[in-house]
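*Asks:* My structure is stored as work.cif, with mmCIF, C-alpha atoms and all ligand atoms; chains and numbers go by the auth columns.
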```
data_coords
loop_
_atom_site.group_PDB
_atom_site.id
_atom_site.type_symbol
_atom_site.label_atom_id
_atom_site.label_comp_id
_atom_site.label_asym_id
_atom_site.label_seq_id
_atom_site.Cartn_x
_atom_site.Cartn_y
_atom_site.Cartn_z
_atom_site.B_iso_or_equiv
_atom_site.auth_seq_id
_atom_site.auth_asym_id
ATOM 1 C CA MET A 1 11.556 -20.995 -19.539 0.00 138 A
ATOM 2 C CA PRO A 2 8.163 -21.378 -17.799 0.00 139 A
ATOM 3 C CA GLY A 3 7.472 -18.743 -15.151 0.00 140 A
ATOM 4 C CA LYS A 4 6.724 -18.981 -11.431 0.00 141 A
ATOM 5 C CA CYS A 5 3.682 -18.173 -9.298 0.00 142 A
ATOM 6 C CA ILE A 6 3.196 -15.455 -6.675 0.00 143 A
ATOM 7 C CA ILE A 7 0.111 -16.015 -4.555 0.00 144 A
ATOM 8 C CA PHE A 8 -1.459 -13.190 -2.513 0.00 145 A
ATOM 9 C CA SER A 9 -4.072 -13.962 0.124 0.00 146 A
ATOM 10 C CA ALA A 10 -5.554 -11.920 2.971 0.00 147 A
ATOM 11 C CA PRO A 11 -8.844 -10.922 4.504 0.00 148 A
ATOM 12 C CA SER A 12 -10.772 -8.633 2.188 0.00 149 A
ATOM 13 C CA GLY A 13 -9.731 -4.990 2.694 0.00 150 A
ATOM 14 C CA SER A 14 -6.149 -5.763 3.811 0.00 151 A
ATOM 15 C CA GLY A 15 -4.696 -4.108 0.711 0.00 152 A
ATOM 16 C CA LYS A 16 -3.879 -7.071 -1.569 0.00 153 A
ATOM 17 C CA SER A 17 -5.185 -5.456 -4.743 0.00 154 A
ATOM 18 C CA THR A 18 -3.370 -2.202 -3.928 0.00 155 A
ATOM 19 C CA ILE A 19 -0.050 -4.033 -3.458 0.00 156 A
ATOM 20 C CA VAL A 20 -0.516 -6.284 -6.517 0.00 157 A
ATOM 21 C CA ASN A 21 -1.382 -3.242 -8.599 0.00 158 A
ATOM 22 C CA TYR A 22 1.751 -1.459 -7.358 0.00 159 A
ATOM 23 C CA LEU A 23 3.965 -4.413 -8.359 0.00 160 A
ATOM 24 C CA THR A 24 2.453 -4.942 -11.810 0.00 161 A
ATOM 25 C CA THR A 25 2.459 -1.198 -12.614 0.00 162 A
ATOM 26 C CA ASN A 26 5.828 -0.141 -11.189 0.00 163 A
ATOM 27 C CA HIS A 27 7.984 -3.220 -11.706 0.00 164 A
ATOM 28 C CA PRO A 28 7.720 -4.443 -15.318 0.00 165 A
ATOM 29 C CA GLU A 29 11.112 -6.163 -14.891 0.00 166 A
ATOM 30 C CA LEU A 30 9.387 -8.772 -12.674 0.00 167 A
ATOM 31 C CA LYS A 31 7.375 -9.910 -15.744 0.00 168 A
ATOM 32 C CA LEU A 32 4.233 -10.341 -13.666 0.00 169 A
ATOM 33 C CA ARG A 33 0.871 -11.114 -15.202 0.00 170 A
ATOM 34 C CA PHE A 34 -2.331 -11.203 -13.185 0.00 171 A
ATOM 35 C CA SER A 35 -4.415 -14.394 -13.229 0.00 172 A
ATOM 36 C CA VAL A 36 -7.924 -13.073 -13.918 0.00 173 A
ATOM 37 C CA SER A 37 -10.324 -15.194 -11.858 0.00 174 A
ATOM 38 C CA ALA A 38 -13.950 -15.935 -12.565 0.00 175 A
ATOM 39 C CA THR A 39 -16.620 -14.930 -10.062 0.00 176 A
ATOM 40 C CA SER A 40 -20.380 -15.108 -9.716 0.00 177 A
ATOM 41 C CA ARG A 41 -20.536 -11.832 -7.773 0.00 178 A
ATOM 42 C CA LYS A 42 -21.612 -8.621 -9.512 0.00 179 A
ATOM 43 C CA PRO A 43 -18.996 -6.066 -10.658 0.00 180 A
ATOM 44 C CA ARG A 44 -18.381 -3.245 -8.171 0.00 181 A
ATOM 45 C CA GLY A 45 -16.981 0.278 -8.696 0.00 182 A
ATOM 46 C CA GLN A 46 -14.866 0.538 -11.861 0.00 183 A
ATOM 47 C CA GLU A 47 -14.387 -3.220 -12.328 0.00 184 A
ATOM 48 C CA GLN A 48 -14.322 -4.443 -15.920 0.00 185 A
ATOM 49 C CA ASP A 49 -15.141 -7.892 -17.274 0.00 186 A
ATOM 50 C CA GLY A 50 -11.967 -9.678 -18.400 0.00 187 A
ATOM 51 C CA VAL A 51 -9.700 -7.233 -16.549 0.00 188 A
ATOM 52 C CA HIS A 52 -10.502 -7.599 -12.842 0.00 189 A
ATOM 53 C CA TYR A 53 -12.634 -10.745 -13.122 0.00 190 A
ATOM 54 C CA TYR A 54 -14.636 -12.736 -15.610 0.00 191 A
ATOM 55 C CA PHE A 55 -18.123 -12.057 -14.295 0.00 192 A
ATOM 56 C CA LEU A 56 -20.331 -15.140 -14.709 0.00 193 A
ATOM 57 C CA THR A 57 -23.826 -15.999 -13.577 0.00 194 A
ATOM 58 C CA GLU A 58 -23.992 -18.721 -10.935 0.00 195 A
ATOM 59 C CA GLU A 59 -25.314 -21.071 -13.646 0.00 196 A
ATOM 60 C CA GLU A 60 -22.363 -20.339 -15.973 0.00 197 A
ATOM 61 C CA PHE A 61 -19.970 -20.754 -13.043 0.00 198 A
ATOM 62 C CA ARG A 62 -21.402 -24.187 -12.204 0.00 199 A
ATOM 63 C CA ARG A 63 -21.138 -25.221 -15.858 0.00 200 A
ATOM 64 C CA ARG A 64 -17.452 -24.226 -15.939 0.00 201 A
ATOM 65 C CA ILE A 65 -16.933 -26.329 -12.761 0.00 202 A
ATOM 66 C CA SER A 66 -18.427 -29.408 -14.439 0.00 203 A
ATOM 67 C CA ASP A 67 -16.379 -28.709 -17.601 0.00 204 A
ATOM 68 C CA GLY A 68 -13.244 -28.960 -15.406 0.00 205 A
ATOM 69 C CA ASP A 69 -12.103 -25.407 -16.264 0.00 206 A
ATOM 70 C CA PHE A 70 -10.882 -24.466 -12.763 0.00 207 A
ATOM 71 C CA LEU A 71 -7.534 -25.115 -11.115 0.00 208 A
ATOM 72 C CA GLU A 72 -9.358 -24.359 -7.850 0.00 209 A
ATOM 73 C CA TYR A 73 -12.561 -22.624 -6.809 0.00 210 A
ATOM 74 C CA GLU A 74 -14.292 -21.676 -3.552 0.00 211 A
ATOM 75 C CA GLU A 75 -17.657 -20.347 -2.452 0.00 212 A
ATOM 76 C CA VAL A 76 -15.829 -17.580 -0.555 0.00 213 A
ATOM 77 C CA TYR A 77 -19.028 -15.933 0.729 0.00 214 A
ATOM 78 C CA ALA A 78 -22.455 -17.605 0.720 0.00 215 A
ATOM 79 C CA GLY A 79 -23.696 -17.478 -2.872 0.00 216 A
ATOM 80 C CA CYS A 80 -20.450 -15.910 -4.224 0.00 217 A
ATOM 81 C CA PHE A 81 -18.173 -18.275 -6.141 0.00 218 A
ATOM 82 C CA TYR A 82 -14.602 -17.439 -7.154 0.00 219 A
ATOM 83 C CA GLY A 83 -12.240 -19.622 -9.175 0.00 220 A
ATOM 84 C CA THR A 84 -8.865 -19.731 -10.892 0.00 221 A
ATOM 85 C CA LEU A 85 -9.147 -20.652 -14.570 0.00 222 A
ATOM 86 C CA LYS A 86 -6.589 -23.215 -15.758 0.00 223 A
ATOM 87 C CA SER A 87 -6.386 -21.436 -19.122 0.00 224 A
ATOM 88 C CA GLN A 88 -5.289 -18.153 -17.467 0.00 225 A
ATOM 89 C CA VAL A 89 -2.399 -19.817 -15.677 0.00 226 A
ATOM 90 C CA GLU A 90 -1.098 -22.183 -18.359 0.00 227 A
ATOM 91 C CA GLU A 91 -0.938 -19.579 -21.147 0.00 228 A
ATOM 92 C CA LYS A 92 0.990 -17.089 -19.008 0.00 229 A
ATOM 93 C CA LEU A 93 3.439 -19.553 -17.466 0.00 230 A
ATOM 94 C CA ASN A 94 4.232 -21.088 -20.848 0.00 231 A
ATOM 95 C CA ALA A 95 4.878 -17.630 -22.291 0.00 232 A
ATOM 96 C CA GLY A 96 7.542 -17.157 -19.577 0.00 233 A
ATOM 97 C CA TYR A 97 5.571 -14.744 -17.394 0.00 234 A
ATOM 98 C CA ASN A 98 5.316 -14.991 -13.616 0.00 235 A
ATOM 99 C CA VAL A 99 1.677 -15.341 -12.628 0.00 236 A
ATOM 100 C CA VAL A 100 0.153 -13.350 -9.754 0.00 237 A
ATOM 101 C CA PHE A 101 -2.889 -14.701 -7.919 0.00 238 A
ATOM 102 C CA ASP A 102 -5.233 -12.744 -5.647 0.00 239 A
ATOM 103 C CA VAL A 103 -7.222 -15.515 -3.965 0.00 240 A
ATOM 104 C CA ASP A 104 -8.811 -16.291 -0.609 0.00 241 A
ATOM 105 C CA VAL A 105 -6.746 -18.084 2.063 0.00 242 A
ATOM 106 C CA GLU A 106 -7.957 -21.587 1.179 0.00 243 A
ATOM 107 C CA GLY A 107 -7.401 -21.026 -2.528 0.00 244 A
ATOM 108 C CA GLY A 108 -3.931 -19.683 -1.668 0.00 245 A
ATOM 109 C CA CYS A 109 -3.009 -22.832 0.290 0.00 246 A
ATOM 110 C CA ASN A 110 -4.379 -25.070 -2.498 0.00 247 A
ATOM 111 C CA ILE A 111 -2.442 -23.295 -5.247 0.00 248 A
ATOM 112 C CA LYS A 112 0.753 -23.417 -3.139 0.00 249 A
ATOM 113 C CA LYS A 113 0.270 -27.159 -2.606 0.00 250 A
ATOM 114 C CA PHE A 114 -0.240 -27.628 -6.345 0.00 251 A
ATOM 115 C CA PHE A 115 2.854 -25.651 -7.456 0.00 252 A
ATOM 116 C CA GLY A 116 5.188 -26.297 -4.468 0.00 253 A
ATOM 117 C CA GLU A 117 8.602 -24.651 -4.972 0.00 254 A
ATOM 118 C CA LYS A 118 7.324 -23.034 -8.172 0.00 255 A
ATOM 119 C CA ALA A 119 5.167 -20.725 -6.038 0.00 256 A
ATOM 120 C CA LEU A 120 5.729 -18.108 -3.327 0.00 257 A
ATOM 121 C CA SER A 121 2.709 -17.589 -1.063 0.00 258 A
ATOM 122 C CA VAL A 122 2.324 -14.143 0.523 0.00 259 A
ATOM 123 C CA PHE A 123 -0.134 -13.283 3.294 0.00 260 A
ATOM 124 C CA VAL A 124 -1.051 -9.592 3.545 0.00 261 A
ATOM 125 C CA GLN A 125 -1.967 -8.864 7.148 0.00 262 A
ATOM 126 C CA PRO A 126 -3.919 -5.785 8.239 0.00 263 A
ATOM 127 C CA PRO A 127 -2.677 -4.018 11.417 0.00 264 A
ATOM 128 C CA SER A 128 -6.020 -4.837 13.162 0.00 265 A
ATOM 129 C CA VAL A 129 -9.617 -5.834 12.487 0.00 266 A
ATOM 130 C CA GLU A 130 -10.719 -2.273 13.396 0.00 267 A
ATOM 131 C CA GLU A 131 -8.438 -0.907 10.669 0.00 268 A
ATOM 132 C CA LEU A 132 -9.855 -3.500 8.256 0.00 269 A
ATOM 133 C CA ARG A 133 -13.337 -2.110 8.926 0.00 270 A
ATOM 134 C CA ARG A 134 -12.102 1.455 8.320 0.00 271 A
ATOM 135 C CA ARG A 135 -10.531 0.402 4.998 0.00 272 A
ATOM 136 C CA LEU A 136 -13.603 -1.486 3.784 0.00 273 A
ATOM 137 C CA GLU A 137 -15.825 1.465 4.718 0.00 274 A
ATOM 138 C CA GLY A 138 -13.352 3.931 3.184 0.00 275 A
ATOM 139 C CA ARG A 139 -13.189 1.940 -0.076 0.00 276 A
ATOM 140 C CA GLY A 140 -16.905 2.595 -0.410 0.00 277 A
ATOM 141 C CA THR A 141 -17.584 -0.295 -2.807 0.00 278 A
ATOM 142 C CA ASP A 142 -19.480 -2.759 -0.581 0.00 279 A
ATOM 143 C CA SER A 143 -22.879 -2.554 1.091 0.00 280 A
ATOM 144 C CA SER A 144 -22.834 -2.496 4.907 0.00 281 A
ATOM 145 C CA GLN A 145 -24.221 -6.057 4.828 0.00 282 A
ATOM 146 C CA MET A 146 -21.316 -7.199 2.619 0.00 283 A
ATOM 147 C CA ILE A 147 -18.806 -5.405 4.876 0.00 284 A
ATOM 148 C CA GLU A 148 -20.174 -7.306 7.895 0.00 285 A
ATOM 149 C CA LYS A 149 -19.883 -10.635 5.984 0.00 286 A
ATOM 150 C CA ARG A 150 -16.266 -9.821 5.111 0.00 287 A
ATOM 151 C CA LEU A 151 -15.363 -8.800 8.674 0.00 288 A
ATOM 152 C CA ALA A 152 -17.062 -11.872 10.139 0.00 289 A
ATOM 153 C CA LYS A 153 -14.766 -14.023 8.006 0.00 290 A
ATOM 154 C CA ALA A 154 -11.608 -12.020 8.734 0.00 291 A
ATOM 155 C CA GLU A 155 -10.823 -13.594 12.144 0.00 292 A
ATOM 156 C CA GLN A 156 -10.801 -17.117 10.661 0.00 293 A
ATOM 157 C CA GLU A 157 -8.721 -15.954 7.708 0.00 294 A
ATOM 158 C CA LEU A 158 -6.090 -14.308 9.954 0.00 295 A
ATOM 159 C CA ALA A 159 -5.433 -17.705 11.541 0.00 296 A
ATOM 160 C CA TYR A 160 -4.091 -18.952 8.159 0.00 297 A
ATOM 161 C CA ALA A 161 -1.128 -16.526 8.167 0.00 298 A
ATOM 162 C CA PRO A 162 1.494 -19.015 9.500 0.00 299 A
ATOM 163 C CA ARG A 163 0.822 -21.379 6.570 0.00 300 A
ATOM 164 C CA PHE A 164 2.210 -18.817 4.104 0.00 301 A
ATOM 165 C CA ASP A 165 5.839 -18.439 2.989 0.00 302 A
ATOM 166 C CA VAL A 166 5.879 -14.705 3.730 0.00 303 A
ATOM 167 C CA ILE A 167 3.736 -12.416 5.931 0.00 304 A
ATOM 168 C CA ILE A 168 3.595 -8.719 5.005 0.00 305 A
ATOM 169 C CA VAL A 169 2.005 -6.429 7.599 0.00 306 A
ATOM 170 C CA ASN A 170 0.284 -3.695 5.617 0.00 307 A
ATOM 171 C CA ASP A 171 0.324 -0.799 8.077 0.00 308 A
ATOM 172 C CA ASP A 172 2.284 1.906 6.272 0.00 309 A
ATOM 173 C CA LEU A 173 1.556 1.276 2.588 0.00 310 A
ATOM 174 C CA ASP A 174 4.925 2.415 1.170 0.00 311 A
ATOM 175 C CA THR A 175 6.796 0.154 3.597 0.00 312 A
ATOM 176 C CA ALA A 176 4.551 -2.821 2.781 0.00 313 A
ATOM 177 C CA GLN A 177 4.937 -2.284 -0.973 0.00 314 A
ATOM 178 C CA GLN A 178 8.744 -2.040 -0.706 0.00 315 A
ATOM 179 C CA GLU A 179 8.969 -5.110 1.507 0.00 316 A
ATOM 180 C CA THR A 180 6.753 -7.101 -0.875 0.00 317 A
ATOM 181 C CA PHE A 181 8.861 -6.004 -3.845 0.00 318 A
ATOM 182 C CA GLU A 182 12.043 -7.188 -2.063 0.00 319 A
ATOM 183 C CA LYS A 183 10.599 -10.606 -1.131 0.00 320 A
ATOM 184 C CA VAL A 184 9.142 -11.202 -4.598 0.00 321 A
ATOM 185 C CA SER A 185 12.331 -10.185 -6.453 0.00 322 A
ATOM 186 C CA GLU A 186 14.480 -12.272 -4.130 0.00 323 A
ATOM 187 C CA TYR A 187 12.275 -15.303 -4.845 0.00 324 A
ATOM 188 C CA LEU A 188 12.127 -14.766 -8.614 0.00 325 A
ATOM 189 C CA ASN A 189 15.876 -14.209 -8.893 0.00 326 A
ATOM 190 C CA ALA A 190 16.858 -17.229 -6.772 0.00 327 A
HETATM 191 P P1 LIG B . -8.119 -6.059 -0.825 0.00 1 B
HETATM 192 O O1 LIG B . -7.716 -6.208 -2.261 0.00 1 B
HETATM 193 O O2 LIG B . -7.237 -6.822 0.098 0.00 1 B
HETATM 194 O O3 LIG B . -9.575 -6.331 -0.587 0.00 1 B
HETATM 195 P P2 LIG B . -7.722 -3.183 -1.286 0.00 1 B
HETATM 196 O O4 LIG B . -6.386 -3.154 -1.956 0.00 1 B
HETATM 197 O O5 LIG B . -8.936 -2.933 -2.115 0.00 1 B
HETATM 198 O O6 LIG B . -7.901 -4.515 -0.415 0.00 1 B
HETATM 199 O O7 LIG B . -7.647 -2.111 -0.092 0.00 1 B
HETATM 200 C C1 LIG B . -8.802 -1.781 0.705 0.00 1 B
HETATM 201 C C2 LIG B . -8.839 -0.253 0.943 0.00 1 B
HETATM 202 O O8 LIG B . -7.778 0.094 1.847 0.00 1 B
HETATM 203 C C3 LIG B . -8.627 0.567 -0.326 0.00 1 B
HETATM 204 O O9 LIG B . -9.468 1.704 -0.281 0.00 1 B
HETATM 205 C C4 LIG B . -7.145 0.958 -0.248 0.00 1 B
HETATM 206 O O10 LIG B . -6.890 2.183 -0.905 0.00 1 B
HETATM 207 C C5 LIG B . -6.923 1.081 1.258 0.00 1 B
HETATM 208 N N1 LIG B . -5.546 0.748 1.713 0.00 1 B
HETATM 209 C C6 LIG B . -4.720 -0.238 1.255 0.00 1 B
HETATM 210 N N2 LIG B . -3.565 -0.257 1.953 0.00 1 B
HETATM 211 C C7 LIG B . -3.655 0.724 2.890 0.00 1 B
HETATM 212 C C8 LIG B . -2.764 1.205 3.927 0.00 1 B
HETATM 213 N N3 LIG B . -1.564 0.670 4.155 0.00 1 B
HETATM 214 N N4 LIG B . -3.195 2.229 4.690 0.00 1 B
HETATM 215 C C9 LIG B . -4.415 2.775 4.485 0.00 1 B
HETATM 216 N N5 LIG B . -5.302 2.392 3.533 0.00 1 B
HETATM 217 C C10 LIG B . -4.922 1.377 2.740 0.00 1 B
HETATM 218 P P1 LIG B . -13.528 -9.578 -3.787 0.00 2 B
HETATM 219 O O1 LIG B . -14.993 -9.811 -3.836 0.00 2 B
HETATM 220 O O2 LIG B . -13.119 -8.622 -2.688 0.00 2 B
HETATM 221 O O3 LIG B . -12.940 -9.212 -5.131 0.00 2 B
HETATM 222 O O4 LIG B . -12.839 -10.960 -3.411 0.00 2 B
HETATM 223 C C1 LIG B . -13.277 -11.661 -2.280 0.00 2 B
HETATM 224 C C2 LIG B . -12.290 -12.746 -1.950 0.00 2 B
HETATM 225 O O5 LIG B . -12.268 -13.734 -2.997 0.00 2 B
HETATM 226 C C3 LIG B . -10.849 -12.242 -1.805 0.00 2 B
HETATM 227 O O6 LIG B . -10.273 -12.888 -0.668 0.00 2 B
HETATM 228 C C4 LIG B . -10.194 -12.702 -3.086 0.00 2 B
HETATM 229 O O7 LIG B . -8.802 -12.897 -2.907 0.00 2 B
HETATM 230 C C5 LIG B . -10.912 -14.032 -3.299 0.00 2 B
HETATM 231 N N1 LIG B . -10.766 -14.552 -4.668 0.00 2 B
HETATM 232 C C6 LIG B . -10.716 -13.866 -5.827 0.00 2 B
HETATM 233 N N2 LIG B . -10.508 -14.689 -6.861 0.00 2 B
HETATM 234 C C7 LIG B . -10.397 -15.936 -6.358 0.00 2 B
HETATM 235 C C8 LIG B . -10.149 -17.237 -6.929 0.00 2 B
HETATM 236 O O8 LIG B . -9.977 -17.413 -8.133 0.00 2 B
HETATM 237 N N3 LIG B . -10.122 -18.287 -6.076 0.00 2 B
HETATM 238 C C9 LIG B . -10.298 -18.145 -4.736 0.00 2 B
HETATM 239 N N4 LIG B . -10.222 -19.238 -3.987 0.00 2 B
HETATM 240 N N5 LIG B . -10.524 -16.950 -4.154 0.00 2 B
HETATM 241 C C10 LIG B . -10.572 -15.865 -4.953 0.00 2 B
#
```
Give the structure from this file in structure tokens form.
Ligand code: ADP
Ligand code: 5GP
*Replies:*
Amino acid sequence: MPGKCIIFSAPSGSGKSTIVNYLTTNHPELKLRFSVSATSRKPRGQEQDGVHYYFLTEEEFRRRISDGDFLEYEEVYAGCFYGTLKSQVEEKLNAGYNVVFDVDVEGGCNIKKFFGEKALSVFVQPPSVEELRRRLEGRGTDSSQMIEKRLAKAEQELAYAPRFDVIIVNDDLDTAQQETFEKVSEYLNA
């Protein structure tokens, strides 16, 4: 039976990757597989090509757009493209896995519109913008210029929360992870 989609969106630094990683590592029974996106930004920290993203040059990214390879894509930050590859999604759904997306708020709304009831959209909300700054600085993977770009976008992104099926406030991490697990299992088992 083809699987379902779980979409995670949030301002950068809210804790999406941490929560997604918790679910995929600790709950194999959910049969989740991560949709590896393509991006034109450079790898940061320990990121590996083909695991966290497919890292493309801007030229390669534009070629894949004209080849029709993306289910959706956005220029999330000026000069930084991100996109969901159709191939990633189709293969996994057809193999019966549930596909997890970590995408920006617009990508999240577009994927939800595309899959309808076959997708659960989850918005991960930080307790405050000040805490978002602390987390981005604490993560230590972005330049101060990139952190400012991300924070400048956060206010607009927070306004998208009501469009999502579920809002998880990521204040205490254990609570947020447990709550996300409950919502996702409830949806997948319905
Ligand atoms: P995103 O994927 O949304 O950009 P990350 O998962 O990379 O965010 O989290 C950003 C930083 O905040 C990381 O250093 C992570 O360890 C930390 N973090 C995540 N959730 C919490 C939390 N509830 N409390 C404190 N720090 C957190
Ligand atoms: P980061 O650079 O922190 O990895 O990601 C920046 C933003 O791009 C995050 O909001 C992330 O969810 C989003 N993003 C990652 N992949 C995709 C994608 O395939 N499509 C869209 N629309 N956004 C993405």
*Asks:* Mind pulling up the distance from atom O7 of ligand LIG 2 (chain B) to CA of Gln314 (chain A)?
*Replies:* 17.5 Å
*Asks:* Produce a table with one row for each residue of chain A that has an atom at most 6 Å from any atom of ligand LIG 1 (chain B), each row naming the nearest atom pair and its distance in Å at one decimal; use all atoms listed in the file; arrange rows by chain and rising residue number; format as a tab-separated table.
*Replies:*
```
residue	atom	partner	partner_atom	distance
A:Ser149	CA	B:LIG1	O3	3.8
A:Gly150	CA	B:LIG1	O3	3.5
A:Ser151	CA	B:LIG1	O2	4.0
A:Gly152	CA	B:LIG1	O4	3.3
A:Lys153	CA	B:LIG1	O2	3.8
A:Ser154	CA	B:LIG1	O1	3.6
A:Thr155	CA	B:LIG1	O4	3.7
A:Arg272	CA	B:LIG1	O8	4.2
A:Leu273	CA	B:LIG1	C2	5.7
A:Gly275	CA	B:LIG1	O9	5.7
A:Arg276	CA	B:LIG1	O9	3.7
A:Asn307	CA	B:LIG1	N3	5.0
A:Asp308	CA	B:LIG1	N3	4.6
A:Asp309	CA	B:LIG1	N3	4.6
A:Leu310	CA	B:LIG1	N3	3.5
```
*Asks:* I'd like a table as a tab-separated table: residues in chain A with an atom no more than 9 Å from ligand LIG 2 (chain B), each row giving the shortest atom pair and its distance in Å to one decimal, only C-alpha atoms and all ligand atoms counted, sorted by chain and rising residue number.
*Replies:*
```
residue	atom	partner	partner_atom	distance
A:Phe145	CA	B:LIG2	O7	7.4
A:Ser146	CA	B:LIG2	O7	5.7
A:Ala147	CA	B:LIG2	O6	6.0
A:Pro148	CA	B:LIG2	O6	5.7
A:Ser149	CA	B:LIG2	O6	5.1
A:Gly150	CA	B:LIG2	O2	7.3
A:Lys153	CA	B:LIG2	O7	7.7
A:Ser154	CA	B:LIG2	O7	8.5
A:Ser172	CA	B:LIG2	O8	8.1
A:Val173	CA	B:LIG2	O8	7.5
A:Ser174	CA	B:LIG2	O8	4.3
A:Ala175	CA	B:LIG2	O8	6.1
A:Thr176	CA	B:LIG2	N2	6.9
A:Arg178	CA	B:LIG2	O1	7.1
A:Lys179	CA	B:LIG2	O1	8.8
A:Pro180	CA	B:LIG2	O1	8.8
A:Arg181	CA	B:LIG2	O1	8.6
A:His189	CA	B:LIG2	O3	8.2
A:Tyr190	CA	B:LIG2	N2	7.7
A:Phe207	CA	B:LIG2	O8	8.5
A:Leu208	CA	B:LIG2	O8	8.6
A:Glu209	CA	B:LIG2	N3	6.4
A:Tyr210	CA	B:LIG2	N4	5.0
A:Glu211	CA	B:LIG2	N4	4.8
A:Glu212	CA	B:LIG2	N4	7.7
A:Val213	CA	B:LIG2	O5	5.8
A:Tyr214	CA	B:LIG2	C1	7.8
A:Cys217	CA	B:LIG2	O1	8.2
A:Phe218	CA	B:LIG2	C9	8.0
A:Tyr219	CA	B:LIG2	C8	4.5
A:Gly220	CA	B:LIG2	O8	3.3
A:Thr221	CA	B:LIG2	O8	3.8
A:Leu222	CA	B:LIG2	O8	7.3
A:Phe238	CA	B:LIG2	O8	7.6
A:Asp239	CA	B:LIG2	O7	4.5
A:Val240	CA	B:LIG2	O7	3.2
A:Asp241	CA	B:LIG2	O6	3.7
A:Val242	CA	B:LIG2	O6	6.8
A:Glu243	CA	B:LIG2	N4	6.1
A:Gly244	CA	B:LIG2	N4	3.6
A:Gly245	CA	B:LIG2	N4	6.7
A:Asn247	CA	B:LIG2	N4	8.4
A:Ile248	CA	B:LIG2	N4	8.9
A:Asp279	CA	B:LIG2	O2	8.9
A:Arg287	CA	B:LIG2	C1	8.2
```
*Asks:* Rounded to one decimal in Å, what is the spacing between CA of Phe301 (chain A) and CA of Glu184 (chain A)?
*Replies:* 28.1 Å
*Asks:* Can you spell out as a ChimeraX atom specification the set of residues that the PyMOL selection byres (((chain A and resi 230) around 12) and not hetatm) selects in the structure I just provided?
*Replies:* /A:138-143,168-172,223-229,231-237,252,255-256
*Asks:* Would you export the selected residues with C-alpha atoms as a short mmCIF file (atom, residue, chain, number, x, y, z; two decimals), in the frame of the given file, please?
*Replies:*
```
data_model
loop_
_atom_site.label_atom_id
_atom_site.label_comp_id
_atom_site.auth_asym_id
_atom_site.auth_seq_id
_atom_site.Cartn_x
_atom_site.Cartn_y
_atom_site.Cartn_z
CA MET A 138 11.56 -21.00 -19.54
CA PRO A 139 8.16 -21.38 -17.80
CA GLY A 140 7.47 -18.74 -15.15
CA LYS A 141 6.72 -18.98 -11.43
CA CYS A 142 3.68 -18.17 -9.30
CA ILE A 143 3.20 -15.46 -6.68
CA LYS A 168 7.38 -9.91 -15.74
CA LEU A 169 4.23 -10.34 -13.67
CA ARG A 170 0.87 -11.11 -15.20
CA PHE A 171 -2.33 -11.20 -13.18
CA SER A 172 -4.42 -14.39 -13.23
CA LYS A 223 -6.59 -23.22 -15.76
CA SER A 224 -6.39 -21.44 -19.12
CA GLN A 225 -5.29 -18.15 -17.47
CA VAL A 226 -2.40 -19.82 -15.68
CA GLU A 227 -1.10 -22.18 -18.36
CA GLU A 228 -0.94 -19.58 -21.15
CA LYS A 229 0.99 -17.09 -19.01
CA ASN A 231 4.23 -21.09 -20.85
CA ALA A 232 4.88 -17.63 -22.29
CA GLY A 233 7.54 -17.16 -19.58
CA TYR A 234 5.57 -14.74 -17.39
CA ASN A 235 5.32 -14.99 -13.62
CA VAL A 236 1.68 -15.34 -12.63
CA VAL A 237 0.15 -13.35 -9.75
CA PHE A 252 2.85 -25.65 -7.46
CA LYS A 255 7.32 -23.03 -8.17
CA ALA A 256 5.17 -20.72 -6.04
#
```
*Asks:* Taking only C-alpha atoms into account, name the residue in A:Ile144, A:Leu257, A:Ala296, A:Ala215 that is nearest to Ser177 (chain A).
*Replies:*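 For Ser177 (chain A), the nearest of the given residues is A:Ala215.
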*Asks:* Between A:Arg300, A:Lys290, A:Arg270, A:Arg199, which residue has the minimum interatomic distance to Lys249 (chain A), considering all atoms listed in the file?
*Replies:*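 Closest to Lys249 (chain A), using all atoms listed in the file: A:Arg300.
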*Asks:* Would you give the centre and edge lengths, in Å to one decimal, of a box along x, y and z around the listed atoms of region 272-290 of chain A, with 4 Å added to each side, as JSON?
*Replies:*
```
{"center_x": -17.4, "center_y": -5.0, "center_z": 3.7, "size_x": 21.7, "size_y": 26.0, "size_z": 20.9}
```
*Asks:* Please indicate the distance in Å from CA of Asp311 (chain A) to CA of Asp186 (chain A), rounded to one decimal place.
*Replies:*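 Answer for the CA of Asp311 (chain A) to CA of Asp186 (chain A) separation: 29.1 Å.
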*Asks:* Using only C-alpha atoms, which of A:Pro263, A:Pro165, A:Pro299, A:Gly216 sits nearest Glu195 (chain A)?
*Replies:*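 Among the listed residues, A:Gly216 lies closest to Glu195 (chain A).
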